[in-house]
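Scroll down for the structure; my scribbles are underneath it.
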Amino acid sequence: MTDLTELGVAQIRDGVAKGDFTAVEVAEAFNANVAAAQDALNAFIVATPEKAVEAAKATDAKRAKGEALGGMGGVPIGMKDLFATVGVQTTAASHILEGFRPEYESTVSQKLWDAGAGMLGKLNLDQFAMGSSNETSYFGNVISPWRRNDGGNASLAPGGSSGGSSAAVSARLCPAATGTDTGGSIRQPAAFTGITGIKPTYGRCSRWGIVAFASSLDQAGPMARDTRDCAIMLEAMAGFDPKDSTSLDMPVPEWEANLSADMKGKKVGIPREYRMDGMDEDVLKSWDDGIAWLKDAGAEIVDISLPHTRYALPAYYIIAPAEASSNLARYDGVRYGLRDLPEGANLQDMYAATRAAGFGAEVKRRILIGTYVLSAGFYDAYYTQAQKVRTLISLDFKNAFESCDVILAPTAPSAAFALGENVDDPLKMYLNDVFAVPASLAGLPAMSVPAGLNREGLPLGLQVIGRAFDEQGVLNAGLAIEQRAGFVAKPEKWW
Amino acid sequence: MSVDTATVAKIASLARIKVTDQELEAMVPELNGILAWVEQLGEVDVTGVEPMTAVIPNTLRLRDDVIDADPLTGGGIRDKVLANAPAAEHGFFGVPKVIE
């Protein structure tokens, strides 16, 4: 019998529908992988094997009655622990939310359950999604299943913030997982672990019930093994939600049915500003490979300019912390989460003690930066200036899309780095998202597809950025790359 | 612009995060590193540029003027609201004494 955990979303969905295997068999196979890898990889904060089996039983029962199984029928998934799940601890990988059991379900997770998916567990992440290496979680680092080919066994970062999601999908602990992307948190971890992930247009997926980081940037999206699986899962996740004021009131396209790797008549823009001094040679080579693959698929390659690229990251590190400092003001030790009440403390002391005990160092750093740039006297110099630069970055893309249909760039400036390597230097860590952040600031759909391995045997990702609402164009270019890259590498099992 | 220990202490107090003197000392150079780096935004000519307010053009909606139109966000769920409170008594959130 085939190893069911080697199957992706489409294969599981189709196999369950045809009766090749049952949904319960699939759920149990993945439950076993989750349990076996937990000590070594720490990808999950909470495993919920019973939820996975329960949903699978429901799918099998529906099939027995001849009912429709839903777009994700019989597919067990991992849920990033940033999505509120009713009755199941939801922490954002923070101490301040440890033990928090929501009385409600996030819109995106509910849509997935309605589509027939089941939950294997809540995935680890960087605390409040702030980080690029999954080293800021209160519940410990996630270890990438990948290792360098130098014979050493240095623990590598799975990327962040969706590091539990990326590690779990690449290690075959789940066929797919949810991610969220504020400034690269789906794409960079996908690139680091040789999987596929897409951040849709801002507003496609409801933010309701997702622990907020930077509300004007946060978007949920799928992380899976290939483009088709991402298309299937995004269809289940997306859709208008009146409970999110920035939700797009548009029908959800049939992304899977309309997948096409034929790029004839399409123009692919190569942004010259993304070619930076001192860039990693292997990353440059994979970019050139991507260009050749899209040409082979029939696309015309055009040189484009995004002149404000170098200002995207500093603008992001004003805007995102500003929004975070405001969003995270809600954690006060009164309504939910941790409370630290020192002897004789008044209300203000309690707030300050609770937040000191409940937030990690990176979260505090960003709250302080955000508080500073929003404070009287500095607001215009920092925040307003950053929002103006954001307008210019968005205009750059608008102008570029006059002469091309999609943009091709590397996802990250390097392959996965070792844990601990960047942790003492916040700025160096922030630079990981240099290629990912511009599309976030402009709210555009962007995905990462595996392109190959570097000389160390580690995966590299290519990023496709599209026009607003054109997830199809992004997925199609991703599929064209995927078919030509022939990426089949997976981490050798050591856990 | 750079910050000193007193400024960081002020920001931390505004953000309601208690910091020790030792933490303050460590934070000053970190925050200054980040602030010096974001300073480069000042180079950008933004004459006549409007600050971004909506990344994707959208209109703000009004919900139907109906009480509890959505049971999830409507009323009548006091116990659910209080379920995760660190201290809840008699249907209220409990906090330390505010008025002496």
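Letters A, B, ... mark the chains of the structure tokens in the order given; residue numbers begin at 1 per chain; ligand numbers begin at 1, in order shown.
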Leaving out region 73-76 of chain A and any residue of its chain fewer than 3 positions from it, which residues lie within 6 Å of it when counting only C-alpha atoms, given as a PDB file with C-alpha atoms, in the first residue's frame?
ATOM      1  CA  ARG A  13      -9.231  14.443  -2.072  1.00  0.00           C
ATOM      2  CA  ALA A  23     -10.319   9.591   5.080  1.00  0.00           C
ATOM      3  CA  ALA A  27      -5.914  11.045   9.124  1.00  0.00           C
ATOM      4  CA  ALA A  56     -12.350  12.117   8.560  1.00  0.00           C
ATOM      5  CA  THR A  59     -16.180  12.590   5.363  1.00  0.00           C
ATOM      6  CA  LEU A  69     -17.411  15.695   0.105  1.00  0.00           C
ATOM      7  CA  GLY A  70     -16.385  19.332  -0.331  1.00  0.00           C
ATOM      8  CA  GLY A 116     -14.273  18.821   4.569  1.00  0.00           C
ATOM      9  CA  ALA A 117     -10.782  19.391   5.977  1.00  0.00           C
ATOM     10  CA  GLY A 118      -9.805  18.117   9.422  1.00  0.00           C
ATOM     11  CA  MET A 119      -7.349  19.550  11.939  1.00  0.00           C
TER      12      MET A 119
END
Against chain A, which residues of chain B fall within 6 Å? For each one I want the closest pair of atoms and the distance in Å (one decimal), counting only C-alpha atoms, rows by chain and increasing residue number, as a tab-separated table.
residue	atom	partner	partner_atom	distance
B:Arg16	CA	A:Ala352	CA	4.5
B:Ile17	CA	A:Ala352	CA	4.3
B:Lys18	CA	A:Ala352	CA	4.8
B:Val38	CA	A:Pro314	CA	4.7
B:Val49	CA	A:Lys388	CA	6.0
B:Glu50	CA	A:Lys388	CA	5.8
B:Pro51	CA	A:Lys388	CA	3.9
B:Met52	CA	A:Gln387	CA	5.2
B:Val55	CA	A:Gly443	CA	5.7
B:Asn84	CA	A:Tyr336	CA	4.8
B:Ala85	CA	A:Tyr336	CA	4.4
B:Pro96	CA	A:Leu347	CA	5.6
Selection export as a CSV table (one decimal), in the first residue's frame, atoms kept: N, CA and C atoms:
chain,number,residue,atom,x,y,z
B,16,ARG,N,2.9,50.5,28.3
B,16,ARG,CA,2.5,49.7,29.5
B,16,ARG,C,3.3,48.4,29.5
B,17,ILE,N,4.6,48.5,29.3
B,17,ILE,CA,5.5,47.3,29.5
B,17,ILE,C,6.5,47.7,30.5
B,18,LYS,N,6.6,46.9,31.6
B,18,LYS,CA,7.5,47.2,32.7
B,18,LYS,C,8.9,46.7,32.2
B,38,VAL,N,15.8,53.1,9.6
B,38,VAL,CA,14.6,53.6,8.9
B,38,VAL,C,14.7,55.1,8.5
B,49,VAL,N,2.6,63.5,-2.5
B,49,VAL,CA,2.2,62.1,-2.4
B,49,VAL,C,1.2,62.0,-1.2
B,50,GLU,N,0.1,61.4,-1.4
B,50,GLU,CA,-0.8,61.1,-0.3
B,50,GLU,C,-0.4,59.9,0.5
B,51,PRO,N,-0.4,59.9,1.8
B,51,PRO,CA,-0.1,58.7,2.6
B,51,PRO,C,-1.2,57.6,2.2
B,52,MET,N,-0.7,56.4,2.2
B,52,MET,CA,-1.7,55.3,1.8
B,52,MET,C,-2.7,55.1,3.0
B,55,VAL,N,-4.9,49.7,1.0
B,55,VAL,CA,-4.0,49.1,0.1
B,55,VAL,C,-4.7,48.6,-1.2
B,84,ASN,N,-12.7,33.3,29.3
B,84,ASN,CA,-11.2,33.3,29.3
B,84,ASN,C,-10.7,34.3,30.2
B,85,ALA,N,-11.5,35.0,31.0
B,85,ALA,CA,-11.0,36.1,31.9
B,85,ALA,C,-10.2,35.5,33.0
B,96,PRO,N,-7.9,44.9,39.8
B,96,PRO,CA,-7.6,45.5,41.1
B,96,PRO,C,-8.3,46.8,41.4
Residues at most 12 Å from Gly473 (chain A), counting only C-alpha atoms, excluding those fewer than 3 positions away in the same chain, as number ranges by chain?
-> A: 200, 227, 231, 253, 255-256, 258-263, 266-268, 404-408, 444-447, 464-470, 476-480
Mind writing the picked residues with N, CA and C atoms as a compact mmCIF listing (two decimals), in the first residue's frame?
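Heads up, here's the output in result32.txt:
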# COMPACT_ATOMS: atom_id res chain seq x y z
N PRO A 200 -2.61 35.61 -1.02
CA PRO A 200 -3.50 36.20 -2.03
C PRO A 200 -3.55 37.72 -1.91
N THR A 227 1.53 23.70 -6.62
CA THR A 227 0.67 24.81 -7.01
C THR A 227 -0.80 24.40 -7.01
N ALA A 231 -3.92 26.03 -4.98
CA ALA A 231 -5.12 26.57 -5.64
C ALA A 231 -6.38 25.99 -4.99
N PRO A 253 -12.77 32.95 -7.55
CA PRO A 253 -12.58 32.30 -8.86
C PRO A 253 -12.30 30.80 -8.71
N TRP A 255 -9.84 28.73 -9.22
CA TRP A 255 -8.40 28.76 -9.52
C TRP A 255 -7.89 27.40 -10.01
N GLU A 256 -8.36 26.34 -9.37
CA GLU A 256 -7.84 25.03 -9.76
C GLU A 256 -8.26 24.69 -11.20
N ASN A 258 -8.95 26.50 -13.59
CA ASN A 258 -8.37 27.36 -14.62
C ASN A 258 -6.84 27.36 -14.63
N LEU A 259 -6.23 26.43 -13.94
CA LEU A 259 -4.76 26.35 -13.96
C LEU A 259 -4.28 26.06 -15.38
N SER A 260 -3.26 26.79 -15.80
CA SER A 260 -2.66 26.56 -17.11
C SER A 260 -1.22 27.00 -17.07
N ALA A 261 -0.33 26.13 -17.51
CA ALA A 261 1.10 26.47 -17.50
C ALA A 261 1.53 27.09 -18.82
N ASP A 262 0.56 27.36 -19.67
CA ASP A 262 0.89 27.96 -20.97
C ASP A 262 1.06 29.48 -20.79
N MET A 263 2.26 29.96 -20.99
CA MET A 263 2.53 31.39 -20.75
C MET A 263 2.58 32.19 -22.06
N LYS A 266 2.05 36.04 -22.52
CA LYS A 266 2.23 36.69 -21.21
C LYS A 266 3.61 37.33 -21.13
N LYS A 267 3.66 38.43 -20.43
CA LYS A 267 4.94 39.11 -20.22
C LYS A 267 5.35 38.98 -18.76
N VAL A 268 6.58 38.60 -18.56
CA VAL A 268 7.11 38.42 -17.21
C VAL A 268 8.14 39.53 -16.94
N CYS A 404 3.96 44.45 -17.99
CA CYS A 404 4.10 43.01 -17.77
C CYS A 404 2.87 42.47 -17.04
N ASP A 405 2.72 41.14 -17.06
CA ASP A 405 1.56 40.50 -16.42
C ASP A 405 1.89 39.97 -15.04
N VAL A 406 3.09 39.42 -14.90
CA VAL A 406 3.55 38.97 -13.58
C VAL A 406 5.01 39.36 -13.43
N ILE A 407 5.48 39.34 -12.19
CA ILE A 407 6.87 39.69 -11.89
C ILE A 407 7.54 38.46 -11.31
N LEU A 408 8.79 38.21 -11.74
CA LEU A 408 9.54 37.07 -11.21
C LEU A 408 10.76 37.59 -10.44
N LEU A 444 -0.46 42.91 -2.97
CA LEU A 444 -0.56 42.09 -4.18
C LEU A 444 -0.44 40.60 -3.90
N PRO A 445 -1.05 39.77 -4.77
CA PRO A 445 -0.86 38.32 -4.61
C PRO A 445 0.57 37.94 -4.98
N ALA A 446 1.15 37.04 -4.20
CA ALA A 446 2.54 36.64 -4.46
C ALA A 446 2.72 35.23 -3.93
N MET A 447 3.48 34.43 -4.67
CA MET A 447 3.70 33.06 -4.20
C MET A 447 5.16 32.67 -4.31
N VAL A 464 6.65 34.71 -7.51
CA VAL A 464 5.86 35.31 -8.59
C VAL A 464 4.90 36.30 -7.95
N ILE A 465 4.93 37.53 -8.44
CA ILE A 465 4.04 38.59 -7.92
C ILE A 465 3.08 38.97 -9.04
N GLY A 466 1.81 39.13 -8.71
CA GLY A 466 0.83 39.47 -9.75
C GLY A 466 0.07 40.74 -9.45
N ARG A 467 -0.77 41.11 -10.40
CA ARG A 467 -1.66 42.26 -10.20
C ARG A 467 -2.68 41.92 -9.11
N ALA A 468 -3.21 42.96 -8.50
CA ALA A 468 -4.27 42.75 -7.52
C ALA A 468 -5.38 41.91 -8.17
N PHE A 469 -5.88 40.96 -7.46
CA PHE A 469 -6.97 40.05 -7.85
C PHE A 469 -6.55 38.98 -8.86
N ASP A 470 -5.30 39.03 -9.34
CA ASP A 470 -4.89 38.06 -10.37
C ASP A 470 -4.11 36.89 -9.76
N ASN A 476 -0.61 30.34 -12.34
CA ASN A 476 -0.24 29.77 -13.64
C ASN A 476 1.26 29.88 -13.88
N ALA A 477 1.82 31.03 -13.55
CA ALA A 477 3.28 31.18 -13.71
C ALA A 477 4.00 30.24 -12.75
N GLY A 478 3.44 30.10 -11.56
CA GLY A 478 4.03 29.17 -10.58
C GLY A 478 4.02 27.75 -11.12
N LEU A 479 2.90 27.38 -11.76
CA LEU A 479 2.78 26.02 -12.31
C LEU A 479 3.79 25.81 -13.44
N ALA A 480 3.97 26.85 -14.28
CA ALA A 480 4.93 26.74 -15.39
C ALA A 480 6.34 26.52 -14.84
Find the residues around Ala418 (chain A) up to 6 Å (only C-alpha atoms counted), leave out those fewer than 4 positions away in its own chain, and share them as a ChimeraX atom specification.
-> /A:155-157
Which of these residues is nearest to Leu374 (chain A), using only C-alpha atoms: A:Glu323, A:Asp20, A:Asp296, A:Asp433?
->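 When distances to Leu374 (chain A) are compared using only C-alpha atoms, the smallest one comes from A:Glu323.
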Selection: 7 Å around Ile232 (chain A), only C-alpha atoms, excl. self and same-chain fewer than 4 positions, as a list in words =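 In the requested form, the answer reads Gly71, Arg228, Ala236 and Glu256 of chain A.
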Counting only C-alpha atoms, closest pick from A:Ala299, A:Val252, A:Leu395, A:Ala129 relative to Val211 (chain A) is A:Ala129
Nearby residues (only C-alpha atoms) at most 12 Å from Phe92 (chain B), same-chain spacing under 5 positions excluded, as a PyMOL selection string = (chain A and resi 334-335) or (chain B and resi 78-83+85-87)
If you keep C-alpha atoms, can you produce a file of those selected residues as a CSV table (one decimal), in the first residue's frame?
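Output file part_35.csv follows:
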chain,number,residue,atom,x,y,z
A,334,VAL,CA,-8.2,41.8,32.1
A,335,ARG,CA,-10.3,40.0,29.5
B,78,ARG,CA,-21.9,37.1,28.5
B,79,ASP,CA,-20.6,33.8,29.8
B,80,LYS,CA,-18.7,33.2,26.6
B,81,VAL,CA,-17.2,36.7,26.8
B,82,LEU,CA,-16.0,36.0,30.3
B,83,ALA,CA,-14.9,32.5,29.8
B,85,ALA,CA,-11.0,36.1,31.9
B,86,PRO,CA,-8.2,35.7,34.5
B,87,ALA,CA,-10.7,36.9,37.1
Assign secondary structure with DSSP using the backbone only, and return the residues of region 273-336 of chain A in helix (DSSP H, G or I) as an MDAnalysis selection string.
-> chainID A and resid 273:274 281:296 309:330
Would you export the selected residues with C-alpha atoms as a PDB file, in the first residue's frame, please?
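Final output, saved to result.pdb:
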ATOM      1  CA  GLU A 273      16.287  46.758  -8.433  1.00  0.00           C
ATOM      2  CA  TYR A 274      15.982  43.238  -7.008  1.00  0.00           C
ATOM      3  CA  GLU A 281      25.293  33.267  -6.471  1.00  0.00           C
ATOM      4  CA  ASP A 282      23.020  30.266  -6.130  1.00  0.00           C
ATOM      5  CA  VAL A 283      20.024  32.547  -5.658  1.00  0.00           C
ATOM      6  CA  LEU A 284      21.010  34.458  -8.804  1.00  0.00           C
ATOM      7  CA  LYS A 285      21.359  31.219 -10.717  1.00  0.00           C
ATOM      8  CA  SER A 286      17.929  29.989  -9.650  1.00  0.00           C
ATOM      9  CA  TRP A 287      16.485  33.324 -10.762  1.00  0.00           C
ATOM     10  CA  ASP A 288      18.105  32.854 -14.191  1.00  0.00           C
ATOM     11  CA  ASP A 289      16.705  29.320 -14.297  1.00  0.00           C
ATOM     12  CA  GLY A 290      13.255  30.709 -13.582  1.00  0.00           C
ATOM     13  CA  ILE A 291      13.585  33.200 -16.419  1.00  0.00           C
ATOM     14  CA  ALA A 292      14.591  30.410 -18.809  1.00  0.00           C
ATOM     15  CA  TRP A 293      11.692  28.199 -17.662  1.00  0.00           C
ATOM     16  CA  LEU A 294       9.089  30.917 -18.180  1.00  0.00           C
ATOM     17  CA  LYS A 295      10.551  31.688 -21.619  1.00  0.00           C
ATOM     18  CA  ASP A 296      10.281  28.008 -22.416  1.00  0.00           C
ATOM     19  CA  THR A 309      12.319  48.873  -3.723  1.00  0.00           C
ATOM     20  CA  ARG A 310      15.109  49.731  -1.290  1.00  0.00           C
ATOM     21  CA  TYR A 311      12.729  51.796   0.823  1.00  0.00           C
ATOM     22  CA  ALA A 312      10.159  49.030   1.203  1.00  0.00           C
ATOM     23  CA  LEU A 313      11.808  47.307   4.147  1.00  0.00           C
ATOM     24  CA  PRO A 314      12.370  50.440   6.260  1.00  0.00           C
ATOM     25  CA  ALA A 315       8.803  51.586   5.497  1.00  0.00           C
ATOM     26  CA  TYR A 316       7.544  48.171   6.562  1.00  0.00           C
ATOM     27  CA  TYR A 317       9.476  48.354   9.824  1.00  0.00           C
ATOM     28  CA  ILE A 318       7.641  51.553  10.683  1.00  0.00           C
ATOM     29  CA  ILE A 319       4.168  50.593   9.491  1.00  0.00           C
ATOM     30  CA  ALA A 320       4.055  47.017  10.823  1.00  0.00           C
ATOM     31  CA  PRO A 321       5.304  47.867  14.345  1.00  0.00           C
ATOM     32  CA  ALA A 322       2.988  50.899  14.464  1.00  0.00           C
ATOM     33  CA  GLU A 323      -0.017  48.718  13.724  1.00  0.00           C
ATOM     34  CA  ALA A 324       1.272  46.013  16.045  1.00  0.00           C
ATOM     35  CA  SER A 325       1.675  48.399  18.973  1.00  0.00           C
ATOM     36  CA  SER A 326      -1.930  49.405  18.493  1.00  0.00           C
ATOM     37  CA  ASN A 327      -3.276  45.863  17.935  1.00  0.00           C
ATOM     38  CA  LEU A 328      -1.384  44.379  20.863  1.00  0.00           C
ATOM     39  CA  ALA A 329      -2.696  47.006  23.270  1.00  0.00           C
ATOM     40  CA  ARG A 330      -5.608  44.617  23.838  1.00  0.00           C
TER      41      ARG A 330
END
B:Gly91, B:Thr59, B:Glu25, B:Val98: which is nearest Ile77 (chain B), counting only C-alpha atoms?
->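 For Ile77 (chain B), the nearest of the candidates is B:Gly91.
For chain B, backbone-based DSSP assignment of strand (DSSP E or B) covers Ala88, Glu89, Phe92 and Phe93 of chain B.
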With C-alpha atoms retained, could you export that selection as a CSV table (one decimal), in the first residue's frame?
chain,number,residue,atom,x,y,z
B,88,ALA,CA,-14.5,37.1,36.5
B,89,GLU,CA,-17.0,37.5,39.3
B,92,PHE,CA,-18.1,41.1,35.5
B,93,PHE,CA,-14.4,41.3,34.8
Residues within 7 Å of region 187-194 of chain A, only C-alpha atoms, excluding chain neighbours under 3 positions, as a list of chain:residue names = A:Trp146, A:Pro158, A:Gly159, A:Gly160, A:Ser162, A:Gly163, A:Ser166, A:Ala167, A:Ser170, A:Gly184, A:Gly197, A:Ile198, A:Thr411, A:Ala412, A:Ala415, A:Ala416, A:Met447, A:Ser448, A:Val449, A:Pro450, A:Pro459, A:Leu460, A:Gly461
Write a file of the selected residues as a CSV table (one decimal), in the first residue's frame, keeping N, CA and C atoms.
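Saved as part.csv:
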chain,number,residue,atom,x,y,z
A,146,TRP,N,15.1,19.9,7.0
A,146,TRP,CA,16.3,20.0,6.1
A,146,TRP,C,17.6,20.1,6.8
A,158,PRO,N,13.4,26.9,9.8
A,158,PRO,CA,12.3,26.6,8.8
A,158,PRO,C,11.8,27.9,8.2
A,159,GLY,N,12.3,29.0,8.5
A,159,GLY,CA,11.8,30.3,8.1
A,159,GLY,C,10.7,30.7,9.1
A,160,GLY,N,10.2,31.9,8.8
A,160,GLY,CA,9.2,32.4,9.7
A,160,GLY,C,8.4,33.6,9.0
A,162,SER,N,5.6,31.6,9.5
A,162,SER,CA,4.9,30.3,9.4
A,162,SER,C,5.9,29.1,9.4
A,163,GLY,N,6.7,29.0,10.4
A,163,GLY,CA,7.8,28.0,10.4
A,163,GLY,C,7.3,26.6,10.8
A,166,SER,N,5.7,25.4,7.5
A,166,SER,CA,6.6,25.0,6.5
A,166,SER,C,7.3,23.7,6.9
A,167,ALA,N,7.8,23.6,8.1
A,167,ALA,CA,8.4,22.4,8.6
A,167,ALA,C,7.5,21.2,8.5
A,170,SER,N,6.8,20.1,4.7
A,170,SER,CA,8.0,19.5,4.1
A,170,SER,C,8.4,18.2,4.7
A,184,GLY,N,6.0,38.5,4.3
A,184,GLY,CA,6.8,37.4,3.8
A,184,GLY,C,6.6,36.1,4.5
A,197,GLY,N,3.8,28.2,-1.5
A,197,GLY,CA,2.8,28.9,-0.6
A,197,GLY,C,2.4,30.2,-1.3
A,198,ILE,N,1.2,30.6,-1.2
A,198,ILE,CA,0.7,31.8,-1.8
A,198,ILE,C,0.0,32.7,-0.8
A,411,THR,N,12.6,34.6,-3.8
A,411,THR,CA,11.7,34.8,-2.6
A,411,THR,C,12.5,35.4,-1.5
A,412,ALA,N,13.7,34.8,-1.3
A,412,ALA,CA,14.5,35.3,-0.1
A,412,ALA,C,16.0,35.4,-0.6
A,415,ALA,N,19.3,30.8,1.1
A,415,ALA,CA,18.7,29.6,1.6
A,415,ALA,C,18.6,29.6,3.1
A,416,ALA,N,18.0,28.6,3.7
A,416,ALA,CA,17.8,28.6,5.2
A,416,ALA,C,19.2,28.8,5.9
A,447,MET,N,3.5,34.4,-4.7
A,447,MET,CA,3.7,33.1,-4.2
A,447,MET,C,5.2,32.7,-4.3
A,448,SER,N,5.5,31.6,-3.6
A,448,SER,CA,6.9,31.1,-3.7
A,448,SER,C,6.7,29.6,-4.2
A,449,VAL,N,7.6,29.3,-5.2
A,449,VAL,CA,7.6,28.0,-5.7
A,449,VAL,C,9.0,27.4,-5.6
A,450,PRO,N,9.2,26.2,-5.3
A,450,PRO,CA,10.6,25.6,-5.2
A,450,PRO,C,11.2,25.6,-6.6
A,459,PRO,N,16.8,24.0,-0.3
A,459,PRO,CA,15.9,24.5,-1.3
A,459,PRO,C,16.0,26.0,-1.4
A,460,LEU,N,15.7,26.4,-2.6
A,460,LEU,CA,15.6,27.9,-3.0
A,460,LEU,C,14.2,28.1,-3.6
A,461,GLY,N,13.6,29.2,-3.3
A,461,GLY,CA,12.3,29.5,-3.9
A,461,GLY,C,12.3,30.6,-4.9
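With CA of Thr136 (chain A) on one side and CA of Arg204 (chain A) on the other, the separation reads 27.9 Å.
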With only C-alpha atoms as the atoms that count, which of A:Gly131, A:Gly8, A:Pro307, A:Gly209 lies nearest to Thr73 (chain B)?
-> A:Gly209
Tell me, in Å to one decimal, how far CA of Asp229 (chain A) is from CA of Leu173 (chain A).
-> 15.5 Å
